[in-house]
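Shown next: coords_14.cif, given as mmCIF, C-alpha atoms.
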data_query
#
loop_
_atom_site.label_atom_id
_atom_site.label_comp_id
_atom_site.auth_asym_id
_atom_site.auth_seq_id
_atom_site.Cartn_x
_atom_site.Cartn_y
_atom_site.Cartn_z
CA MET A 1 98.78 44.82 -73.04
CA ASN A 2 96.22 45.97 -75.62
CA LEU A 3 96.90 49.54 -76.57
CA PRO A 4 93.98 51.88 -76.17
CA VAL A 5 93.15 53.80 -79.31
CA VAL A 6 93.23 57.57 -79.21
CA THR A 7 91.30 59.12 -82.09
CA GLU A 8 92.48 62.26 -83.85
CA ALA A 9 89.13 63.89 -83.09
CA ASP A 10 89.70 63.31 -79.34
CA ALA A 11 93.21 64.74 -79.63
CA ASP A 12 91.88 67.82 -81.47
CA ARG A 13 89.26 68.39 -78.80
CA LEU A 14 91.63 68.11 -75.86
CA PHE A 15 94.26 70.21 -77.61
CA SER A 16 91.84 73.11 -78.07
CA THR A 17 90.44 72.77 -74.53
CA LEU A 18 93.94 72.85 -73.02
CA GLN A 19 94.89 75.78 -75.21
CA ARG A 20 91.84 77.76 -74.12
CA GLU A 21 92.26 76.92 -70.43
CA ALA A 22 95.98 77.74 -70.54
CA GLY A 23 95.24 81.13 -72.07
CA GLU A 24 92.52 81.89 -69.52
CA GLY A 25 94.83 81.02 -66.63
CA GLY A 26 97.87 82.91 -67.92
CA TYR A 27 99.73 79.76 -69.05
CA HIS A 28 101.09 78.85 -72.48
CA LEU A 29 101.20 75.56 -74.37
CA ASN A 30 104.36 74.72 -76.31
CA PRO A 31 104.09 76.50 -79.70
CA ASP A 32 105.58 73.42 -81.47
CA ALA A 33 102.18 72.08 -82.52
CA GLU A 34 103.36 68.62 -83.56
CA PHE A 35 105.31 68.07 -80.35
CA THR A 36 102.41 69.33 -78.24
CA ARG A 37 99.87 67.21 -80.10
CA ASN A 38 101.94 64.11 -79.36
CA LEU A 39 101.88 64.95 -75.66
CA VAL A 40 98.11 65.50 -75.85
CA ARG A 41 97.79 62.03 -77.42
CA GLY A 42 99.89 60.69 -74.55
CA LEU A 43 97.57 62.30 -72.00
CA LEU A 44 94.57 60.68 -73.66
CA LYS A 45 96.31 57.31 -73.87
CA ASN A 46 97.08 57.53 -70.15
CA GLU A 47 93.48 58.48 -69.39
CA LEU A 48 92.30 55.39 -71.30
CA ARG A 49 94.75 52.95 -69.74
CA TYR A 50 95.02 54.33 -66.19
CA GLY A 51 91.76 56.26 -65.77
CA TYR A 52 93.51 59.58 -65.21
CA ARG A 53 95.56 61.97 -67.32
CA SER A 54 98.97 61.34 -65.86
CA CYS A 55 102.09 63.01 -67.21
CA PRO A 56 103.08 61.47 -70.57
CA CYS A 57 106.78 61.80 -69.65
CA ARG A 58 106.65 59.92 -66.35
CA LEU A 59 105.89 56.31 -65.56
CA ALA A 60 102.51 56.09 -63.82
CA SER A 61 101.80 53.39 -61.25
CA GLY A 62 98.21 52.88 -62.36
CA LYS A 63 97.12 53.75 -58.80
CA LYS A 64 95.55 57.19 -58.80
CA ALA A 65 96.24 57.88 -55.11
CA GLU A 66 99.98 57.39 -55.73
CA ASP A 67 100.01 59.50 -58.87
CA LEU A 68 97.97 62.57 -57.88
CA ASP A 69 101.15 64.67 -58.06
CA ILE A 70 101.72 63.77 -61.74
CA ILE A 71 98.19 64.23 -63.02
CA CYS A 72 98.57 66.96 -65.65
CA PRO A 73 99.00 69.80 -64.81
CA CYS A 74 101.38 68.23 -62.30
CA ASP A 75 102.45 69.60 -58.90
CA TYR A 76 105.86 70.39 -60.43
CA ARG A 77 104.72 72.44 -63.44
CA ASP A 78 104.77 75.87 -61.86
CA PRO A 79 108.14 75.57 -60.08
CA ASP A 80 109.65 74.20 -63.31
CA LEU A 81 108.12 77.02 -65.37
CA ALA A 82 109.62 79.52 -62.92
CA GLU A 83 113.06 77.91 -62.86
CA TYR A 84 113.50 76.49 -66.37
CA GLY A 85 110.82 78.15 -68.50
CA ALA A 86 109.09 74.85 -69.24
CA CYS A 87 107.39 72.00 -67.44
CA TYR A 88 109.13 68.63 -67.32
CA CYS A 89 107.45 67.55 -70.60
CA SER A 90 107.58 71.00 -72.18
CA LEU A 91 103.83 70.84 -72.71
CA TYR A 92 103.65 74.13 -70.81
CA VAL A 93 106.26 76.81 -71.47
CA ASN A 94 106.82 80.40 -70.43
CA GLU A 95 106.19 83.42 -72.63
CA ALA A 96 109.82 83.73 -73.74
CA ILE A 97 109.71 80.23 -75.22
CA THR A 98 106.46 80.96 -77.04
CA LYS A 99 108.38 83.84 -78.64
CA GLY A 100 111.16 81.59 -79.87
CA ALA A 101 113.59 81.26 -76.92
CA LYS A 102 115.07 77.76 -76.63
CA LEU A 103 115.51 75.45 -73.65
CA SER A 104 119.20 75.17 -72.87
CA ALA A 105 118.95 71.66 -71.39
CA PRO A 106 116.31 69.09 -70.47
CA VAL A 107 114.25 70.04 -67.41
CA PRO A 108 115.52 67.82 -64.56
CA GLU A 109 113.07 65.54 -62.76
CA ARG A 110 111.69 67.26 -59.67
CA ARG A 111 109.49 64.36 -58.57
CA PRO A 112 111.17 62.31 -55.85
CA PRO A 113 112.32 58.83 -56.98
CA ARG A 114 110.27 55.67 -56.36
CA ALA A 115 111.84 54.64 -53.04
CA GLU A 116 111.59 58.15 -51.58
CA ARG A 117 107.93 58.46 -52.58
CA GLN A 118 107.14 55.19 -50.85
CA ALA A 119 108.88 56.37 -47.67
CA ASN A 120 107.06 59.73 -47.81
CA ARG A 121 103.70 58.04 -48.19
CA ALA A 122 104.28 56.13 -44.97
CA VAL A 123 105.22 59.35 -43.14
CA ARG A 124 102.25 61.28 -44.53
CA THR A 125 99.82 58.67 -43.24
CA VAL A 126 101.17 59.10 -39.73
CA VAL A 127 100.97 62.91 -39.94
CA THR A 128 97.34 62.74 -41.08
CA VAL A 129 96.41 60.55 -38.17
CA SER A 130 98.18 62.62 -35.53
CA GLY A 131 97.64 66.10 -37.09
CA GLY A 132 97.37 68.81 -34.44
CA PRO A 133 94.35 71.03 -33.81
CA ALA A 134 93.43 73.47 -36.57
CA PRO A 135 93.97 77.18 -35.84
CA ALA A 136 90.88 79.20 -34.88
CA LEU A 137 89.61 80.36 -38.26
CA ALA A 138 86.02 80.99 -39.38
CA PHE A 139 86.78 78.74 -42.39
CA PRO A 140 89.52 76.30 -43.29
CA VAL A 141 91.89 77.54 -46.00
CA TRP A 142 92.49 75.20 -48.94
CA ARG A 143 95.50 75.37 -51.24
CA CYS A 144 95.66 74.07 -54.81
CA LYS A 145 98.86 72.03 -54.98
CA VAL A 146 99.18 72.73 -58.68
CA CYS A 147 99.01 76.53 -58.85
CA GLY A 148 98.87 77.72 -55.23
CA TYR A 149 95.35 79.18 -55.41
CA LEU A 150 93.95 79.69 -51.89
CA CYS A 151 90.32 79.80 -50.80
CA ALA A 152 88.65 79.97 -47.39
CA ARG A 153 85.49 77.84 -47.39
CA ASP A 154 84.19 74.60 -45.93
CA GLN A 155 85.34 72.49 -48.87
CA PRO A 156 87.73 73.08 -51.76
CA PRO A 157 86.02 73.77 -55.12
CA GLU A 158 85.24 70.85 -57.46
CA VAL A 159 87.71 72.31 -59.95
CA CYS A 160 90.40 74.92 -59.34
CA PRO A 161 89.14 78.13 -61.00
CA ILE A 162 92.71 79.06 -61.97
CA CYS A 163 94.38 75.91 -63.27
CA LYS A 164 91.42 73.48 -63.53
CA ALA A 165 92.98 70.87 -61.23
CA GLN A 166 90.41 68.58 -59.58
CA LYS A 167 89.23 68.91 -55.97
CA GLU A 168 91.45 66.05 -54.77
CA ARG A 169 94.56 68.12 -55.62
CA PHE A 170 93.78 70.60 -52.83
CA GLU A 171 95.42 70.39 -49.42
CA ARG A 172 94.44 71.97 -46.13
CA PHE A 173 96.66 75.07 -45.81
CA MET A 174 95.39 76.63 -42.55
CA MET B 1 105.99 44.10 -75.69
CA GLY B 2 109.68 43.80 -75.03
CA ILE B 3 112.99 45.06 -76.33
CA GLU B 4 112.80 46.24 -79.93
CA HIS B 5 115.80 46.21 -82.23
CA VAL B 6 116.63 48.88 -84.79
CA ALA B 7 119.21 47.88 -87.40
CA GLY B 8 121.97 50.27 -88.38
CA LYS B 9 125.67 50.99 -88.20
CA LYS B 10 127.29 49.28 -85.22
CA VAL B 11 129.02 51.87 -83.05
CA GLY B 12 128.59 50.02 -79.77
CA THR B 13 125.82 48.52 -77.68
CA ILE B 14 123.13 51.16 -77.34
CA MET B 15 120.08 50.62 -75.15
CA LEU B 16 117.35 53.25 -74.91
CA TYR B 17 114.85 53.12 -72.03
CA ALA B 18 111.80 55.18 -72.92
CA LEU B 19 108.07 55.74 -72.50
CA SER B 20 105.74 55.36 -75.47
CA THR B 21 104.00 58.66 -74.63
CA CYS B 22 106.96 60.90 -73.85
CA GLY B 23 107.92 63.70 -76.26
CA TRP B 24 111.63 63.80 -75.38
CA CYS B 25 111.84 60.01 -75.62
CA ALA B 26 110.42 60.26 -79.14
CA ARG B 27 112.97 62.97 -80.02
CA THR B 28 115.79 60.80 -78.68
CA LYS B 29 114.65 57.78 -80.67
CA GLU B 30 114.32 59.90 -83.81
CA LEU B 31 117.86 61.19 -83.28
CA LEU B 32 119.29 57.66 -83.01
CA ARG B 33 117.38 56.66 -86.13
CA SER B 34 118.58 59.70 -88.06
CA LEU B 35 122.17 58.93 -87.03
CA GLY B 36 121.70 55.50 -88.59
CA VAL B 37 123.17 53.60 -85.64
CA GLU B 38 122.14 50.16 -84.41
CA PHE B 39 120.24 50.29 -81.13
CA ASP B 40 117.66 48.58 -78.93
CA TYR B 41 114.83 50.31 -77.14
CA LEU B 42 112.30 49.39 -74.49
CA TYR B 43 109.03 51.17 -73.75
CA VAL B 44 108.84 50.62 -70.01
CA ASP B 45 105.22 51.84 -69.77
CA LEU B 46 104.10 48.97 -72.00
CA LEU B 47 105.44 46.37 -69.57
CA GLU B 48 103.39 45.12 -66.67
CA GLY B 49 103.98 43.90 -63.13
CA LYS B 50 107.30 42.22 -62.46
CA ASP B 51 108.67 42.93 -65.94
CA GLN B 52 108.11 46.64 -65.40
CA ASP B 53 109.64 46.56 -61.91
CA GLU B 54 112.74 44.83 -63.25
CA ALA B 55 113.06 47.33 -66.07
CA MET B 56 112.76 50.18 -63.54
CA ASP B 57 115.54 48.60 -61.46
CA GLN B 58 117.75 48.81 -64.56
CA VAL B 59 116.70 52.41 -65.27
CA GLU B 60 117.42 53.45 -61.68
CA LYS B 61 120.79 51.73 -61.77
CA TRP B 62 121.83 54.16 -64.52
CA ASN B 63 119.67 57.08 -63.45
CA PRO B 64 118.65 57.13 -59.76
CA ALA B 65 115.90 59.71 -60.50
CA GLY B 66 114.14 57.00 -62.55
CA SER B 67 113.32 59.48 -65.31
CA PHE B 68 113.17 58.99 -69.09
CA PRO B 69 114.74 58.77 -71.61
CA VAL B 70 117.93 57.00 -70.56
CA ILE B 71 120.51 55.82 -73.10
CA VAL B 72 123.02 53.25 -71.88
CA ILE B 73 126.12 52.95 -74.05
CA ASN B 74 128.29 49.81 -73.94
CA ASN B 75 126.89 49.06 -70.49
CA ARG B 76 129.30 51.68 -69.14
CA LYS B 77 127.95 55.18 -69.70
CA SER B 78 124.47 56.64 -69.52
CA ILE B 79 122.89 59.84 -70.81
CA VAL B 80 119.68 61.05 -69.18
CA GLY B 81 117.32 63.22 -71.20
CA PHE B 82 117.39 64.45 -74.77
CA ARG B 83 120.92 65.90 -74.92
CA GLU B 84 121.66 65.94 -78.59
CA ASP B 85 125.28 67.13 -78.49
CA GLU B 86 126.19 64.75 -75.70
CA ILE B 87 124.56 61.80 -77.50
CA ARG B 88 126.35 62.60 -80.78
CA GLY B 89 129.64 63.01 -78.92
CA ALA B 90 129.34 59.76 -76.97
CA LEU B 91 128.52 57.81 -80.14
CA GLY B 92 131.25 59.52 -82.14
CA VAL B 93 128.90 60.32 -85.02
#

Written as structure tokens, that's how I'd like the structure from this file.
Amino acid sequence: MNLPVVTEADADRLFSTLQREAGEGGYHLNPDAEFTRNLVRGLLKNELRYGYRSCPCRLASGKKAEDLDIICPCDYRDPDLAEYGACYCSLYVNEAITKGAKLSAPVPERRPPRAERQANRAVRTVVTVSGGPAPALAFPVWRCKVCGYLCARDQPPEVCPICKAQKERFERFM
Amino acid sequence: MGIEHVAGKKVGTIMLYALSTCGWCARTKELLRSLGVEFDYLYVDLLEGKDQDEAMDQVEKWNPAGSFPVIVINNRKSIVGFREDEIRGALGV
């Protein structure tokens, strides 16, 4: 496999964008700049080789539809921040860690293993096909699977206004 | 890309399964290097197709969650994640 080349200028740009967006949304990047920069390089490398910015600390399949849950910020970031103070990669951390608190142990993997994901995909397909009638609402309610943002409108937004996740990360909530 | 060898002091057979982009994998590899021990490592994300599937079967054998990094020591014991004290203890260094 030929390795895609990530330039330092690209890494600088993404680093500052993520830093700004994190701040605006009430999130924090890991204050260890060298560690964080490496993860940013990993995100860019994944974008070049897979076409999407999948988690640098998880093995992507190369099929976007199977990896939506691990496109950064992943579906597991916020529960991990709440429980452990850091996301699985420690790209995002809580305020205590930005002030010098340390992680006591690695954040355990919350994503279901390969075999379970395959089984779930099969189930989900069936549910989609046989989904019951929607409740009587003036508008459908969409939920961002990354941060939980809810909005009642015909379609989810192109980009989540809170965490910047793409439209495809929204699910029908009501 | 395949298994890479790092020369050093022989304290056992040490195999590190890692991703080339993962921060904790990098920390784990740095730790093994700084301890000066002999080890092998494999970047599973750089493999393709069947080679990658086979490597994942190995990873899952030692760590059913299929997460990285995984260190397998003497084909008997595995350590999942960057656990510095545990790694030092298991290698006796």

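Between CA of Leu14 (chain A) and CA of Leu46 (chain B) lies a distance of 23.2 Å.
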
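Near chain A, counting all atoms listed in the file at 8 Å, the chain B residues are Met1, Leu19, Ser20, Thr21, Cys22, Gly23, Trp24, Val44, Asp45, Leu46, Leu47, Glu48, Pro64, Ala65, Gly66, Ser67, Phe68, Gly81, Phe82 and Arg83 of chain B.
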
Go ahead and save the picked residues with C-alpha atoms, as an mmCIF file, in the frame of the given file.
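Saved result, out_39.cif, follows:
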data_model
loop_
_atom_site.group_PDB
_atom_site.id
_atom_site.type_symbol
_atom_site.label_atom_id
_atom_site.label_comp_id
_atom_site.auth_asym_id
_atom_site.auth_seq_id
_atom_site.Cartn_x
_atom_site.Cartn_y
_atom_site.Cartn_z
ATOM 1 C CA MET B 1 105.990 44.100 -75.690
ATOM 2 C CA LEU B 19 108.070 55.740 -72.500
ATOM 3 C CA SER B 20 105.740 55.360 -75.470
ATOM 4 C CA THR B 21 104.000 58.660 -74.630
ATOM 5 C CA CYS B 22 106.960 60.900 -73.850
ATOM 6 C CA GLY B 23 107.920 63.700 -76.260
ATOM 7 C CA TRP B 24 111.630 63.800 -75.380
ATOM 8 C CA VAL B 44 108.840 50.620 -70.010
ATOM 9 C CA ASP B 45 105.220 51.840 -69.770
ATOM 10 C CA LEU B 46 104.100 48.970 -72.000
ATOM 11 C CA LEU B 47 105.440 46.370 -69.570
ATOM 12 C CA GLU B 48 103.390 45.120 -66.670
ATOM 13 C CA PRO B 64 118.650 57.130 -59.760
ATOM 14 C CA ALA B 65 115.900 59.710 -60.500
ATOM 15 C CA GLY B 66 114.140 57.000 -62.550
ATOM 16 C CA SER B 67 113.320 59.480 -65.310
ATOM 17 C CA PHE B 68 113.170 58.990 -69.090
ATOM 18 C CA GLY B 81 117.320 63.220 -71.200
ATOM 19 C CA PHE B 82 117.390 64.450 -74.770
ATOM 20 C CA ARG B 83 120.920 65.900 -74.920
#

| task | Go through A:Leu18, A:Met174, A:Cys151, A:Cys163 one by one, measure the shortest atom-to-atom distance of each to Asp75 (chain A) using only C-alpha atoms, and give the residue with the smallest value. | result |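 So, comparing all the options, the nearest one is A:Cys163.
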
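The space separating CA of Ala152 (chain A) from CA of Phe139 (chain A) comes to 5.5 Å.
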
Where is the centre and how long are the edges: axis-aligned box on region 142-150 of chain A, 6 Å on each side, Å to one decimal, as AutoDock Vina command-line options:
--center_x 95.8 --center_y 75.9 --center_z -53.9 --size_x 18.7 --size_y 19.7 --size_z 21.9

Can you list what the PyMOL selection byres ((chain B and resi 79) around 10) grabs from this structure, as a short mmCIF file (atom, residue, chain, number, x, y, z; two decimals) with C-alpha atoms, in the coordinates of the input?
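Writing done, so here's selection.cif:
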data_model
loop_
_atom_site.label_atom_id
_atom_site.label_comp_id
_atom_site.auth_asym_id
_atom_site.auth_seq_id
_atom_site.Cartn_x
_atom_site.Cartn_y
_atom_site.Cartn_z
CA LEU B 16 117.35 53.25 -74.91
CA TRP B 62 121.83 54.16 -64.52
CA ASN B 63 119.67 57.08 -63.45
CA PHE B 68 113.17 58.99 -69.09
CA PRO B 69 114.74 58.77 -71.61
CA VAL B 70 117.93 57.00 -70.56
CA ILE B 71 120.51 55.82 -73.10
CA VAL B 72 123.02 53.25 -71.88
CA ILE B 73 126.12 52.95 -74.05
CA LYS B 77 127.95 55.18 -69.70
CA SER B 78 124.47 56.64 -69.52
CA VAL B 80 119.68 61.05 -69.18
CA GLY B 81 117.32 63.22 -71.20
CA PHE B 82 117.39 64.45 -74.77
CA ARG B 83 120.92 65.90 -74.92
CA GLU B 84 121.66 65.94 -78.59
CA GLU B 86 126.19 64.75 -75.70
CA ILE B 87 124.56 61.80 -77.50
CA ALA B 90 129.34 59.76 -76.97
#

| query | Exactly which residues make up the result of the PyMOL selection byres ((chain A and resi 154) around 10) on this file, given as a ChimeraX atom specification? | reply | /A:138-142,151-153,155-157

Would you kindly place N, CA and C atoms on region 29-54 of chain B and return the model as a PDB file, in the frame of the given file?
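Wrote rebuild_20.pdb, looks like this:
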ATOM      1  N   LYS B  29     114.710  58.920 -79.754  1.00  0.00           N
ATOM      2  CA  LYS B  29     114.650  57.780 -80.670  1.00  0.00           C
ATOM      3  C   LYS B  29     114.818  58.234 -82.114  1.00  0.00           C
ATOM      4  N   GLU B  30     114.176  59.345 -82.460  1.00  0.00           N
ATOM      5  CA  GLU B  30     114.320  59.900 -83.810  1.00  0.00           C
ATOM      6  C   GLU B  30     115.781  60.249 -84.106  1.00  0.00           C
ATOM      7  N   LEU B  31     116.456  60.815 -83.092  1.00  0.00           N
ATOM      8  CA  LEU B  31     117.860  61.190 -83.280  1.00  0.00           C
ATOM      9  C   LEU B  31     118.703  59.949 -83.582  1.00  0.00           C
ATOM     10  N   LEU B  32     118.506  58.885 -82.788  1.00  0.00           N
ATOM     11  CA  LEU B  32     119.290  57.660 -83.010  1.00  0.00           C
ATOM     12  C   LEU B  32     119.009  57.100 -84.403  1.00  0.00           C
ATOM     13  N   ARG B  33     117.735  57.137 -84.793  1.00  0.00           N
ATOM     14  CA  ARG B  33     117.380  56.660 -86.130  1.00  0.00           C
ATOM     15  C   ARG B  33     118.064  57.495 -87.204  1.00  0.00           C
ATOM     16  N   SER B  34     118.014  58.824 -87.024  1.00  0.00           N
ATOM     17  CA  SER B  34     118.580  59.700 -88.060  1.00  0.00           C
ATOM     18  C   SER B  34     120.102  59.552 -88.128  1.00  0.00           C
ATOM     19  N   LEU B  35     120.723  59.142 -87.020  1.00  0.00           N
ATOM     20  CA  LEU B  35     122.170  58.930 -87.030  1.00  0.00           C
ATOM     21  C   LEU B  35     122.516  57.587 -87.688  1.00  0.00           C
ATOM     22  N   GLY B  36     121.506  56.765 -87.884  1.00  0.00           N
ATOM     23  CA  GLY B  36     121.700  55.500 -88.590  1.00  0.00           C
ATOM     24  C   GLY B  36     122.450  54.450 -87.795  1.00  0.00           C
ATOM     25  N   VAL B  37     122.428  54.570 -86.449  1.00  0.00           N
ATOM     26  CA  VAL B  37     123.170  53.600 -85.640  1.00  0.00           C
ATOM     27  C   VAL B  37     122.259  52.446 -85.206  1.00  0.00           C
ATOM     28  N   GLU B  38     122.892  51.318 -84.900  1.00  0.00           N
ATOM     29  CA  GLU B  38     122.140  50.160 -84.410  1.00  0.00           C
ATOM     30  C   GLU B  38     121.825  50.386 -82.928  1.00  0.00           C
ATOM     31  N   PHE B  39     120.588  50.160 -82.551  1.00  0.00           N
ATOM     32  CA  PHE B  39     120.240  50.290 -81.130  1.00  0.00           C
ATOM     33  C   PHE B  39     119.038  49.440 -80.770  1.00  0.00           C
ATOM     34  N   ASP B  40     118.853  49.246 -79.472  1.00  0.00           N
ATOM     35  CA  ASP B  40     117.660  48.580 -78.930  1.00  0.00           C
ATOM     36  C   ASP B  40     116.899  49.590 -78.102  1.00  0.00           C
ATOM     37  N   TYR B  41     115.588  49.435 -78.036  1.00  0.00           N
ATOM     38  CA  TYR B  41     114.830  50.310 -77.140  1.00  0.00           C
ATOM     39  C   TYR B  41     113.731  49.516 -76.442  1.00  0.00           C
ATOM     40  N   LEU B  42     113.341  50.040 -75.279  1.00  0.00           N
ATOM     41  CA  LEU B  42     112.300  49.390 -74.490  1.00  0.00           C
ATOM     42  C   LEU B  42     111.342  50.454 -73.986  1.00  0.00           C
ATOM     43  N   TYR B  43     110.054  50.268 -74.292  1.00  0.00           N
ATOM     44  CA  TYR B  43     109.030  51.170 -73.750  1.00  0.00           C
ATOM     45  C   TYR B  43     108.577  50.591 -72.407  1.00  0.00           C
ATOM     46  N   VAL B  44     109.072  51.172 -71.345  1.00  0.00           N
ATOM     47  CA  VAL B  44     108.840  50.620 -70.010  1.00  0.00           C
ATOM     48  C   VAL B  44     107.359  50.698 -69.613  1.00  0.00           C
ATOM     49  N   ASP B  45     106.643  51.709 -70.131  1.00  0.00           N
ATOM     50  CA  ASP B  45     105.220  51.840 -69.770  1.00  0.00           C
ATOM     51  C   ASP B  45     104.367  50.731 -70.377  1.00  0.00           C
ATOM     52  N   LEU B  46     104.887  50.038 -71.382  1.00  0.00           N
ATOM     53  CA  LEU B  46     104.100  48.970 -72.000  1.00  0.00           C
ATOM     54  C   LEU B  46     104.314  47.626 -71.315  1.00  0.00           C
ATOM     55  N   LEU B  47     105.224  47.593 -70.355  1.00  0.00           N
ATOM     56  CA  LEU B  47     105.440  46.370 -69.570  1.00  0.00           C
ATOM     57  C   LEU B  47     104.477  46.369 -68.397  1.00  0.00           C
ATOM     58  N   GLU B  48     104.277  45.184 -67.831  1.00  0.00           N
ATOM     59  CA  GLU B  48     103.390  45.120 -66.670  1.00  0.00           C
ATOM     60  C   GLU B  48     104.074  44.382 -65.522  1.00  0.00           C
ATOM     61  N   GLY B  49     103.588  44.654 -64.324  1.00  0.00           N
ATOM     62  CA  GLY B  49     103.980  43.900 -63.130  1.00  0.00           C
ATOM     63  C   GLY B  49     105.478  43.772 -62.942  1.00  0.00           C
ATOM     64  N   LYS B  50     105.909  42.511 -62.781  1.00  0.00           N
ATOM     65  CA  LYS B  50     107.300  42.220 -62.460  1.00  0.00           C
ATOM     66  C   LYS B  50     108.246  42.677 -63.568  1.00  0.00           C
ATOM     67  N   ASP B  51     107.813  42.512 -64.818  1.00  0.00           N
ATOM     68  CA  ASP B  51     108.670  42.930 -65.940  1.00  0.00           C
ATOM     69  C   ASP B  51     108.962  44.423 -65.843  1.00  0.00           C
ATOM     70  N   GLN B  52     107.923  45.198 -65.496  1.00  0.00           N
ATOM     71  CA  GLN B  52     108.110  46.640 -65.400  1.00  0.00           C
ATOM     72  C   GLN B  52     109.016  46.992 -64.212  1.00  0.00           C
ATOM     73  N   ASP B  53     108.802  46.310 -63.087  1.00  0.00           N
ATOM     74  CA  ASP B  53     109.640  46.560 -61.910  1.00  0.00           C
ATOM     75  C   ASP B  53     111.106  46.280 -62.217  1.00  0.00           C
ATOM     76  N   GLU B  54     111.360  45.183 -62.920  1.00  0.00           N
ATOM     77  CA  GLU B  54     112.740  44.830 -63.250  1.00  0.00           C
ATOM     78  C   GLU B  54     113.362  45.850 -64.193  1.00  0.00           C
TER      79      GLU B  54
END
